[in-house]
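S.K.: Got a structure for you, written out below as structure tokens; questions coming shortly.
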Amino acid sequence: CPENEMIRVIRSARTQGEERGVIQRECAAIRAQFRQADSGGRSHNLAKLLYVHMLGYPAHFGQMECVRMIASPRYSEKRIGYLGAMMLLDEKQDASLLITNSIKNDLSHSSQYIQSLALCTLACMGSAEMCRDLAPEIERLLKASNSYIKKKAALCAVHIVRKIPELGELFTPSAHSLLSDKNHGVLHGAVVLITELCERNPGNLDEFRKAVPELVQIMKGLVTSGYSPEHNVAGISDPFLQVRVLRLLRILGRNNDEASDAMNDLLAQVATNTDSSKTAGSAVLYETVLTIMDIKSESGLRVLAVNILGRFLLNNDRNIRYISMTSLQKIVQTDHTAVQRHRGTIVDCLKDQDASVKRRALELSLALVSAANIRSMMKELLRFLSTCPPELRSHATSGIFNAAERYAPSQRWHIDTILHVLITAGGDVRDETVPNLIQLISVASELHCYTVHKLYRALISDISQQSLVQVACWCIGEYGDLLLKGDCDEIEPMQVTEDDVLDVLETILQSHMSSPTSRGFALTAIMKLSTRITNNIDRIRSVVSIYGSCIDVELQQRAVEYNALFKKYDHMRYLIIFDEDSDIHQSGICSLARTESTHAQEHTTFLRFKNTS
Amino acid sequence: MIKAILIFNNHGKPRLSKFYEHYSEDTEQQIIRETFHLVSKRDENVCNFLEGGMLIDGSDNKLIYRHYATLYFVFCVDSSESELGILDLIQVFVETLDKCFENVCELDLIFHVDKVHNILAEMVMGGMVLETNMNEIITQVDAQNKMEKSETFIFQSPRQDR
């Protein structure tokens, strides 16, 4: 048939360019065919266009053809027309309005398969207007005698409710009665619809709580039915339906004692009897556990549930381990102590090969950090940081900083942790955290000497990590005098000269690896040092004047202002308060300023320099 | 809700793309490329779940995938779907394709992508799972194909366009 021929030709193209050429020619031919009033191979032409569309080539010129095909009396043409509409049209285009009438007519067609095409298309791309227009029709179909149509109408109703929540009222009575249908497809659709109605409008909960006994009966039937070849998946009877019902029961039982009571026995039965050796059984078991944890269940049942999750955490199958962690994540806030018992296993998962498992383990680990376990947990998290996959690094660093800030047992520990993260993963630390880190460091006044020494050492071996560079520059600018003095209690002494310090700051200024923000920090640090050092004022002055003609506008502005300080306000240079968005900073300079000159305090305006970061 | 169903081969060539939310053509292609990039990096013995796709928005979206020989089957879903359930659904989908095409292979998908869409339409509708019973799905697909064939016979014009 014609589209196979086209596909063969496209596939024989040896390069992307050749393929493009073939497709251009084919599309031109298709376009010409579309323009002909009556062409025998219409559905083939549209099929060709849809293939081309899948490969990523423009196909919007087929939109009107879809509209025409949908209006055709032939099933084959309607079918491809509707498929095309779902692929090429969306509710924002006028063309989609044109198919509303066809859909309306087809919804009452004598053939269920044509009705089905209309239902499918409405559920996929029905706009709000189309939904409003056709909702009564859908409601009528919910009461049809044909299960094939009923199940499709139910899902169509879900789409309508999502588009226009107020229309939910229209479907509520029929939704409830669908639960007495024997057909699994219909039951499935009914449960999805009721779930949607309850989630959209909590006012519906009372109404549907009346359905809890029916839902429990349905579950009982599925669980005890024995082998039913129709819906059996690995020995479980229709696990898809079971999962849906369990989810609905969760919504209905939440915060409601009566409903929770009514489902308690069933949940216990499913939790103890489901064979979880295959995926199907595990899926059911997980839903059961989550439902037990979310409703008002007896404490014995809750313990059983968390133990099931704990058991799964040790399963050899990675899928099971992954899912048990996502489940534990859902209950970690409400059942914190229960989840803490499994902390060891979770932390072990940080070392798993699988990046998805690592990600879950990281989330859970961060949620499990507490004042009691902060030291051991941080050891594990920092160890994890060194082998962490790149896509998780910035999240990991943020999580570590938050945990450290909440539970730090001492300032020294806190500073060490910050330094460790900056040194191992400074390139992944989010920019927004830098001011916060600076704040934390400035508050720990007894550790200024220690901090600036450690940061300086890290900086001389690596200037590529921007947050490390920024924090280090700030510290050097602020505590440079402590650095130059040389001795520090906590670390090995290291001789650092003024030239050494200026060397590293200038290297940062000149390096192509440095971001504009980092350059700003470096220049400001150099400027600040002019008040703390004695021998290299001229060197600083010349650096500052060079950057007065720098291409980077921010840097240039800064340099020009600093230059002015040297030229016109040299006698006030010591009084300058470098406003860095934080009041804490000012207190550090203020004390220095006060000792330098007393009479200048009569001039109450101090020059201010914003350090934008 | 299922946001998208993608089938592509080991080189990232799309064999089926079905989106249940609207995206521009460019974005659709980007999503296919990004998904292929994420999924092809995975080892063989890791789990079937992936997070971190940037383009299909929503931080609770996951990719659930299975790799069969030369093809990847990927479902992009949000948190309202059971991950293990979707994994089983992919299996049902593939087994159904196998029954409908008799030992299905990549070429079948290439030359009959509209048929694959028709089969999928009996399983997933509007981003929601519709039917999971394989026999039921196949019965309906067969009936619809019969209807199409019988029409061709009735409406056959003298001019052959095959």
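Labeling convention for the structure tokens: chains A, B, ... as they appear, residues from 1 per chain, ligands from 1 in order of appearance.
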Residues of chain B within 6 Å of chain A, counting only C-alpha atoms, what are they? List them as a ChimeraX atom specification.
M.R.: /B:46-47,50,84,111,126,131,133,148,162
S.K.: Store the residues picked out above, limited to C-alpha atoms, as a short mmCIF file (atom, residue, chain, number, x, y, z; two decimals), in the first residue's frame.
M.R.:
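Final file, part_29.cif:
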```cif
data_model
loop_
_atom_site.label_atom_id
_atom_site.label_comp_id
_atom_site.auth_asym_id
_atom_site.auth_seq_id
_atom_site.Cartn_x
_atom_site.Cartn_y
_atom_site.Cartn_z
CA VAL B 46 18.97 -1.25 37.22
CA CYS B 47 15.37 -0.49 38.10
CA LEU B 50 13.67 7.23 36.09
CA LEU B 84 4.45 -1.21 39.35
CA PHE B 111 5.13 -0.10 8.60
CA GLY B 126 -7.21 10.44 27.53
CA GLU B 131 -8.68 -1.83 29.51
CA ASN B 133 -7.55 -7.59 29.63
CA GLU B 148 -12.52 -1.38 7.87
CA ARG B 162 -2.84 0.00 -4.13
#
```
S.K.: When you look at A:Asn536 with a cut-off of 9 Å (counting only C-alpha atoms), what residues show up, excluding the ones that are within fewer than 4 positions of it in the same chain? I need them as number ranges by chain.
M.R.: A: 498-499, 502, 530, 540-541
S.K.: For B:Phe101, find every residue with an atom within 12 Å (counting only C-alpha atoms), except residues of its own chain fewer than 3 positions away, and show them as a list in words.
M.R.: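 My list of contacting residues is Val94, Glu95, Thr96, Leu97, Asp98, Val104, Cys105, Glu106, Leu107, Asp108, Leu109, Phe111, His112, Val113, Lys115, Val116, Ile119, Ile138, Val141 and Asp142 of chain B.
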S.K.: Keeping only N, CA and C atoms, write the selected residues as a PDB file, in the first residue's frame.
M.R.:
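That gives us part-v7.pdb:
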```
ATOM      1  N   VAL B  94       2.906  -4.951  25.171  1.00  0.00           N
ATOM      2  CA  VAL B  94       3.826  -5.673  24.296  1.00  0.00           C
ATOM      3  C   VAL B  94       3.277  -7.045  23.935  1.00  0.00           C
ATOM      4  N   GLU B  95       2.676  -7.729  24.899  1.00  0.00           N
ATOM      5  CA  GLU B  95       2.103  -9.047  24.603  1.00  0.00           C
ATOM      6  C   GLU B  95       0.944  -8.921  23.628  1.00  0.00           C
ATOM      7  N   THR B  96       0.169  -7.858  23.766  1.00  0.00           N
ATOM      8  CA  THR B  96      -0.938  -7.635  22.834  1.00  0.00           C
ATOM      9  C   THR B  96      -0.407  -7.390  21.426  1.00  0.00           C
ATOM     10  N   LEU B  97       0.635  -6.574  21.324  1.00  0.00           N
ATOM     11  CA  LEU B  97       1.234  -6.321  20.008  1.00  0.00           C
ATOM     12  C   LEU B  97       1.723  -7.635  19.400  1.00  0.00           C
ATOM     13  N   ASP B  98       2.303  -8.458  20.262  1.00  0.00           N
ATOM     14  CA  ASP B  98       2.829  -9.736  19.810  1.00  0.00           C
ATOM     15  C   ASP B  98       1.726 -10.621  19.242  1.00  0.00           C
ATOM     16  N   VAL B 104       5.863  -9.932  16.986  1.00  0.00           N
ATOM     17  CA  VAL B 104       6.086  -8.554  16.570  1.00  0.00           C
ATOM     18  C   VAL B 104       7.577  -8.192  16.598  1.00  0.00           C
ATOM     19  N   CYS B 105       7.989  -7.416  15.602  1.00  0.00           N
ATOM     20  CA  CYS B 105       9.359  -6.919  15.579  1.00  0.00           C
ATOM     21  C   CYS B 105       9.319  -5.443  15.183  1.00  0.00           C
ATOM     22  N   GLU B 106      10.453  -4.795  15.168  1.00  0.00           N
ATOM     23  CA  GLU B 106      10.487  -3.353  14.930  1.00  0.00           C
ATOM     24  C   GLU B 106       9.878  -2.983  13.575  1.00  0.00           C
ATOM     25  N   LEU B 107      10.102  -3.800  12.575  1.00  0.00           N
ATOM     26  CA  LEU B 107       9.568  -3.507  11.242  1.00  0.00           C
ATOM     27  C   LEU B 107       8.048  -3.400  11.241  1.00  0.00           C
ATOM     28  N   ASP B 108       7.402  -4.222  12.065  1.00  0.00           N
ATOM     29  CA  ASP B 108       5.940  -4.155  12.148  1.00  0.00           C
ATOM     30  C   ASP B 108       5.507  -2.785  12.619  1.00  0.00           C
ATOM     31  N   LEU B 109       6.230  -2.256  13.607  1.00  0.00           N
ATOM     32  CA  LEU B 109       5.874  -0.942  14.119  1.00  0.00           C
ATOM     33  C   LEU B 109       6.147   0.138  13.081  1.00  0.00           C
ATOM     34  N   PHE B 111       6.063  -0.092   9.740  1.00  0.00           N
ATOM     35  CA  PHE B 111       5.135  -0.095   8.601  1.00  0.00           C
ATOM     36  C   PHE B 111       3.667  -0.079   8.989  1.00  0.00           C
ATOM     37  N   HIS B 112       3.370  -0.257  10.269  1.00  0.00           N
ATOM     38  CA  HIS B 112       1.963  -0.270  10.661  1.00  0.00           C
ATOM     39  C   HIS B 112       1.725   0.577  11.908  1.00  0.00           C
ATOM     40  N   VAL B 113       2.334   1.761  11.942  1.00  0.00           N
ATOM     41  CA  VAL B 113       2.238   2.576  13.159  1.00  0.00           C
ATOM     42  C   VAL B 113       0.784   2.971  13.459  1.00  0.00           C
ATOM     43  N   LYS B 115      -1.806   1.070  13.046  1.00  0.00           N
ATOM     44  CA  LYS B 115      -2.411  -0.074  13.723  1.00  0.00           C
ATOM     45  C   LYS B 115      -2.003  -0.097  15.195  1.00  0.00           C
ATOM     46  N   VAL B 116      -0.740   0.260  15.452  1.00  0.00           N
ATOM     47  CA  VAL B 116      -0.272   0.292  16.841  1.00  0.00           C
ATOM     48  C   VAL B 116      -1.073   1.333  17.627  1.00  0.00           C
ATOM     49  N   ILE B 119      -4.428  -0.117  18.514  1.00  0.00           N
ATOM     50  CA  ILE B 119      -4.344  -1.058  19.638  1.00  0.00           C
ATOM     51  C   ILE B 119      -4.212  -0.284  20.946  1.00  0.00           C
ATOM     52  N   ILE B 138      -7.891  -7.439  22.129  1.00  0.00           N
ATOM     53  CA  ILE B 138      -7.706  -8.039  20.808  1.00  0.00           C
ATOM     54  C   ILE B 138      -9.044  -8.260  20.113  1.00  0.00           C
ATOM     55  N   VAL B 141     -10.092  -4.903  18.701  1.00  0.00           N
ATOM     56  CA  VAL B 141      -9.230  -4.493  17.589  1.00  0.00           C
ATOM     57  C   VAL B 141      -9.588  -5.291  16.328  1.00  0.00           C
ATOM     58  N   ASP B 142      -9.781  -6.589  16.499  1.00  0.00           N
ATOM     59  CA  ASP B 142     -10.142  -7.441  15.358  1.00  0.00           C
ATOM     60  C   ASP B 142     -11.455  -6.994  14.743  1.00  0.00           C
TER      61      ASP B 142
END
```
S.K.: For atom CA of B:Asn103 and atom CA of B:Tyr68, determine how far apart the two atoms are, in Å to one decimal place.
M.R.: 12.7 Å
S.K.: Between A:Gln510, A:Asn264, A:Ser174, A:Thr345, which has the minimum distance to A:Ala153 (counting only C-alpha atoms)?
M.R.: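 For A:Ala153, the nearest of the candidates is A:Ser174.
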S.K.: Determine, counting only C-alpha atoms, which protein, DNA and RNA residues have an atom within 9 Å of an atom of A:Lys528; residues of the same chain fewer than 6 positions away are not included. Present the result as a PyMOL selection string.
M.R.: chain A and resi 476-478+480+578
S.K.: Selected residues, N, CA and C atoms, written as a CSV table (one decimal), in the first residue's frame, please.
M.R.:
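Okay, result06.csv is ready:
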```csv
chain,number,residue,atom,x,y,z
A,476,ILE,N,38.6,36.3,52.8
A,476,ILE,CA,39.9,36.9,52.7
A,476,ILE,C,39.8,38.4,52.8
A,477,GLY,N,38.8,39.0,52.1
A,477,GLY,CA,38.7,40.5,52.2
A,477,GLY,C,38.4,40.9,53.6
A,478,GLU,N,37.5,40.1,54.3
A,478,GLU,CA,37.1,40.4,55.6
A,478,GLU,C,38.1,40.1,56.7
A,480,GLY,N,41.4,39.1,56.2
A,480,GLY,CA,42.7,39.0,55.6
A,480,GLY,C,43.8,39.2,56.6
A,578,PHE,N,31.3,48.7,53.5
A,578,PHE,CA,30.9,48.0,52.3
A,578,PHE,C,29.6,47.2,52.5
```
S.K.: Excluding same-chain residues fewer than 5 positions from stretch 30-35 of chain B, what lies within 12 Å of it counting only C-alpha atoms, as a PyMOL selection string?
M.R.: (chain A and resi 54-56) or (chain B and resi 3-19+23-25+40-42+50-57+62-65+72-76)
S.K.: Mind checking which residues fall within 12 Å of A:Gly203, counting only C-alpha atoms, ignoring those fewer than 4 positions away in the same chain, and posting them as a PyMOL selection string?
M.R.: chain A and resi 166+168-169+172+197-199+207-209+252
S.K.: Go ahead and dump the residues you just picked, C-alpha atoms, as a PDB file, in the first residue's frame.
M.R.:
```
ATOM      1  CA  GLU A 166     -18.645  22.105  38.101  1.00  0.00           C
ATOM      2  CA  GLY A 168     -19.001  16.854  38.157  1.00  0.00           C
ATOM      3  CA  GLU A 169     -22.501  17.225  39.599  1.00  0.00           C
ATOM      4  CA  THR A 172     -22.307  11.883  40.335  1.00  0.00           C
ATOM      5  CA  LEU A 197     -15.043  13.496  41.553  1.00  0.00           C
ATOM      6  CA  CYS A 198     -13.861  13.138  45.157  1.00  0.00           C
ATOM      7  CA  GLU A 199     -10.502  14.767  44.519  1.00  0.00           C
ATOM      8  CA  GLU A 207     -21.935  10.822  49.094  1.00  0.00           C
ATOM      9  CA  PHE A 208     -19.345   8.331  47.974  1.00  0.00           C
ATOM     10  CA  ARG A 209     -18.491   7.105  51.445  1.00  0.00           C
ATOM     11  CA  LEU A 252     -12.705   7.807  51.389  1.00  0.00           C
TER      12      LEU A 252
END
```
S.K.: Please identify the strand (DSSP E or B) residues within chain B (assignment by DSSP from backbone atoms) and present them as a VMD selection string.
M.R.: chain B and resid 2 to 9 14 to 19 49 to 50 62 to 68 71 to 77 124 to 125 128 to 129
S.K.: Quick one, how far is atom CA of B:Asp43 from atom CA of A:Leu362?
M.R.: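 Those two atoms sit 20.2 Å apart.
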S.K.: Rounded to one decimal in Å, what is the spacing between atom CA of A:Lys485 and atom CA of A:Asp500?
M.R.: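 Value for the atom CA of A:Lys485-atom CA of A:Asp500 distance: 13.0 Å.
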